[in-house]
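A quick write-up on the structure given underneath.
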Amino acid sequence: MAILMVPLVPPVLVIAVHVLVASMLEIARLIVDSSWVPHHPVIFLFNGAEELFMLGSHGFMKTHKWHDMIGAFINVEASGTGGPDLVCQSGPSSWPSNIYAEAAIYPMATSAAQDVFPIIPGDTDYRIFSEDYGSIPGLDIIFLLGGYFYHTSYDTVEQLLPGSIQARGENLFSIIKAFTDSSKLQNRYQTNYSEVRASLFNEERAIFFDYLSWFMIFYSKRVAKILHSVPIFLFFVMSFTRGWSNSCVATLCDFVKGFLFHAVGIILAVIVPVAFSLLRLPFSSQTMNWFAHPFLAFIMFIPCALVGLIIPRIIWKCFPLSQDAAIVKRSKEALSDEARFWGAFAFYAVLTLAYLVAGLSGGFVTFVASACMLPSWISYCLSVKSFGRRSFRSTIFYLLPLVPCLAYAVYFGGFLAQFLIEKMGMMGSLPLPYGHYVPDIIVAAIIGLVTGWSVGPIMPICGHWLARSSIVRFLLHLSVLGLAISSQFFPYSMSAPKRVVFQHTFRTAGSSQITESTYDLSVLDSNSLLFIFKHSPEVAKILNITPEFLFESAPLSERHDWMVIFPVSSLFSNSLKFPAKEDEILKQYEFFPTLTVQNTSSNSEKGQRRVHLELYLGSLEEIWVAVLNITGPLSSWSFADNVLPGTETYGGGPQSYILRLSGPSEGNWSFWLEASSSEALRVDLSVLDQKLVGPAKTLKNAFPNWVDVVGYSNFLSTYTL
């Protein structure tokens, strides 16, 4: 029976991975050794060259004989050394996320990630499978935490967060079973493929999220259109029913005032921490003190975010009612509480509706807040009859139904803040002087936003407790204390290293001549190279950095000097270069990379000419990549099925085409470039050799252990064709 259900050409499930190879091998062993037999074949695809724009997965989808047999895929990624296993992308239909929701043992997924992932400067093999080739249904799963060690020399087995690999393995094994058992797993060779795929693609991506990694909540976009419209509908219903016997306009006006008060509070919860961060930095010689000690960020910014949140309550202690309490025969306190509550409720309802209208998937975040506020309000109104409006017991009755919402906000927001703090070490160095402030501003704003989101729902009723002068003073003192304490902490450690890129640059002419040799240095966060020189005396000594050294007068390393690691080099600014000797490299290598013209052919009718070239990589020993930056009237080339990519504007220069050739080659690369006119083509060749020799190796080893140095040699040459 099972055999009859297997098609003649069965669909397969692909597990794509370029990291965490050990866990994939263990899952493969478990499948083989267990009694379970998959209903469909499972491919474990170990991709190389993912960092070179997904060359491994691209090669599989373009050239492998199995590429048409894939029915679904799971792409396994890591942005750190462990922690929760987050589904950050799912699609193109709701089927993959539904499979995950049903099968994951330790679920962590949020459809909100799909709203922000496209604008993050990063990419995964998910795009190759799900978007570029075949629109195959699948999941993109990443390790969320441990980003301090991501792509550093400290990324070792010892740094794995305990339990992460086990949890990922159990999750994946269960998900693989669910995918292979699903009747929707189809490939293009099956007779009902078109019908099944059409039904899948008629389904929009679903709304899904986990609750504290205990269970998944999953519903379709169709359900979301109804469900996420309910809060705003309730708001208007309450506005008119509460004012039915008196003035609907006055009631609605009070509710709108409550909305504005709550919105201002949330905005101030972001602005006040940002202001505190800006006030601190002029008195500190360094930024990012919280980087190696995330608790400092929470100590500094949560109290002042709470102050911002309650500022409207402090300024307007008496709510400016539009309703006349005598006419409606209710107390001013009751009308004020009602206006504040329904105003806050409307704030989350409007945001939920905005997400829905924009077609985004993160509306559940504000929907959960508004949904939990309703039972809290009912509980509060019932308790007021027994305990009074300003009773502590009534406040507790309001808080209790909000506990699930508060727990989720702290859970989700805490992971978001920690993830962001860890990533600040590789966000890039922005131009001075304003770039110095950016990381603190971003972290302060995110913590303020998370604090506003977490505490916001309790403010309508609990605000009068928090707005007491003694509590406000305590929060301000705590903020100032946090700012003072943070200045005593060093930003980095071996557990949270600073990232430095060290490039030994050689400009060559021909295959055996060096015209210039320099040490080029750059950093990946807002503490500039001056910070390194100050705290690394051995490095400063080797580079002849004196106390009188001025950044403004130092020779800058231009962005085009870093072409070999483009687009990572777009994160650099304020890079410096220092003169270096080339003696050791001449002893190490006899020949250097060079580009030679083999022949040129012209088409006089079309005005085209084709230049045949040969790339010789010299005697370099550890080549990682060769990059060609081509400027001029390029109309075609012999790569990528003769299709040119989009142009780049690199280092402030003209539009150009960038070509990457991965790894070493036993022979020379032969290819051609075609120009649409007689205008010259310019080719800048840059070859990355992972080997450092002599003084360059000594310089790299001179950096302290709280610095992670990516060091390599770069051979640059320029040709006019």
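Convention: chains lettered A, B, ... in structure tokens order; per-chain residue numbering from 1; ligands numbered from 1 as shown.
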
Exercise for review: Using DSSP on the backbone coordinates, identify all residues within stretch 182-351 of chain A classified as alpha helix (DSSP H); present the result as a ChimeraX atom specification.
Suggested key: /A:193-202,221-227,230-242,248-280,294-315,325-328,332-351

Study note, to complete from the structure: Shortest contact to A:Phe489, candidates A:Phe295, A:Gly80, A:Ile141, A:Gln690, atoms counted only C-alpha atoms, goes to A:Phe295

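Each of A:Leu721, A:Leu595, A:Val237, A:Val403 was checked against A:Ala509 using only C-alpha atoms; the smallest atom-to-atom distance is that of A:Leu595.
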
A:Ile217 environment, 9 Å, only C-alpha atoms, sequence neighbours closer than 5 positions dropped, as a compact mmCIF listing (two decimals) with N, CA and C atoms, in the first residue's frame:
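Writing the result to out_3.txt gives the following:
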```
# COMPACT_ATOMS: atom_id res chain seq x y z
N ALA A 101 4.21 24.26 12.65
CA ALA A 101 3.35 24.46 13.82
C ALA A 101 2.84 23.15 14.39
N ILE A 207 -0.34 33.73 9.43
CA ILE A 207 0.13 34.39 10.64
C ILE A 207 0.47 33.29 11.64
N PHE A 208 1.66 33.35 12.19
CA PHE A 208 2.04 32.31 13.16
C PHE A 208 3.04 32.89 14.15
N PHE A 209 3.01 32.37 15.36
CA PHE A 209 3.99 32.74 16.38
C PHE A 209 3.93 31.71 17.50
N ASP A 210 5.03 31.56 18.18
CA ASP A 210 5.06 30.65 19.32
C ASP A 210 4.78 31.43 20.60
N TYR A 211 4.29 30.73 21.60
CA TYR A 211 4.10 31.34 22.92
C TYR A 211 5.08 30.71 23.89
```

Practice item. Find the residues around A:Gly448 up to 7 Å (only C-alpha atoms counted), leave out those fewer than 5 positions away in its own chain, and share them as a VMD selection string. Key: chain A and resid 269 to 270 273 301 to 302 305

Hey, can you spit out that residue selection with all heavy atoms as a compact mmCIF listing (two decimals), in the first residue's frame?
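Okay, this is what ended up in out_26.txt:
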```
# COMPACT_ATOMS: atom_id res chain seq x y z
N ALA A 269 8.66 56.95 25.52
CA ALA A 269 9.40 55.79 26.04
C ALA A 269 10.59 55.46 25.16
O ALA A 269 11.55 54.81 25.61
CB ALA A 269 8.47 54.58 26.14
N VAL A 270 10.55 55.89 23.91
CA VAL A 270 11.69 55.71 22.99
C VAL A 270 12.61 56.93 23.05
O VAL A 270 13.84 56.80 23.09
CB VAL A 270 11.18 55.49 21.55
CG1 VAL A 270 12.35 55.43 20.58
CG2 VAL A 270 10.35 54.22 21.47
N PRO A 273 15.04 57.42 26.56
CA PRO A 273 16.29 56.64 26.59
C PRO A 273 17.31 57.11 25.56
O PRO A 273 18.52 57.13 25.84
CB PRO A 273 15.83 55.21 26.29
CG PRO A 273 14.40 55.18 26.67
CD PRO A 273 13.87 56.55 26.37
N PHE A 301 18.50 51.91 30.33
CA PHE A 301 17.45 52.42 29.46
C PHE A 301 16.03 52.04 29.87
O PHE A 301 15.09 52.74 29.50
CB PHE A 301 17.71 51.97 28.03
CG PHE A 301 19.03 52.45 27.48
CD1 PHE A 301 19.91 51.58 26.84
CD2 PHE A 301 19.40 53.78 27.61
CE1 PHE A 301 21.12 52.02 26.33
CE2 PHE A 301 20.62 54.23 27.11
CZ PHE A 301 21.47 53.35 26.47
N ILE A 302 15.83 50.95 30.62
CA ILE A 302 14.47 50.61 31.03
C ILE A 302 13.88 51.64 31.99
O ILE A 302 12.74 52.09 31.80
CB ILE A 302 14.42 49.18 31.62
CG1 ILE A 302 14.61 48.15 30.51
CG2 ILE A 302 13.09 48.94 32.34
CD1 ILE A 302 14.60 46.71 31.00
N ALA A 305 12.97 54.73 30.13
CA ALA A 305 11.84 54.45 29.23
C ALA A 305 10.53 54.49 30.01
O ALA A 305 9.52 55.01 29.51
CB ALA A 305 12.02 53.09 28.55
```

Practice item. Can you pull out every residue within 8 Å of A:Ser229, counting only C-alpha atoms, but drop anything in the same chain fewer than 5 positions away, and send it as JSON, numbers by chain? Key: {"A": [224, 349, 352, 353]}

Written selection (N, CA, C and O atoms) as a JSON list (two decimals), in the first residue's frame:
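Final output, saved to out.json:
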```
[["chain", "number", "residue", "atom", "x", "y", "z"],
["A", 224, "ALA", "N", -7.10, 36.17, 9.58],
["A", 224, "ALA", "CA", -6.51, 37.40, 10.13],
["A", 224, "ALA", "C", -7.28, 38.64, 9.69],
["A", 224, "ALA", "O", -7.41, 39.60, 10.46],
["A", 349, "ALA", "N", -5.29, 48.67, 18.46],
["A", 349, "ALA", "CA", -6.22, 48.27, 17.40],
["A", 349, "ALA", "C", -5.85, 48.92, 16.07],
["A", 349, "ALA", "O", -5.90, 48.27, 15.02],
["A", 352, "THR", "N", -2.76, 47.27, 14.67],
["A", 352, "THR", "CA", -3.13, 45.96, 14.12],
["A", 352, "THR", "C", -3.75, 46.10, 12.74],
["A", 352, "THR", "O", -3.42, 45.36, 11.80],
["A", 353, "LEU", "N", -4.64, 47.08, 12.60],
["A", 353, "LEU", "CA", -5.28, 47.32, 11.31],
["A", 353, "LEU", "C", -4.27, 47.81, 10.28],
["A", 353, "LEU", "O", -4.34, 47.44, 9.10]]
```

Review point. Neighbours of A:Leu20 within 10 Å (only C-alpha atoms; same-chain residues fewer than 5 positions away dropped), as a PyMOL selection string?
Key: chain A and resi 25+46+76-78+81+165

Using only C-alpha atoms, what table do you get, as CSV, when you list each residue of stretch 480-561 of chain A with an atom no more than 9 Å from stretch 142-149 of chain A, its nearest pair of atoms, and their distance in Å rounded to one decimal, rows by chain then rising number?
```
residue,atom,partner,partner_atom,distance
A:Ser495,CA,A:Tyr148,CA,7.0
A:Ala496,CA,A:Tyr148,CA,5.2
A:Pro497,CA,A:Tyr148,CA,6.8
A:Lys498,CA,A:Tyr148,CA,8.9
```
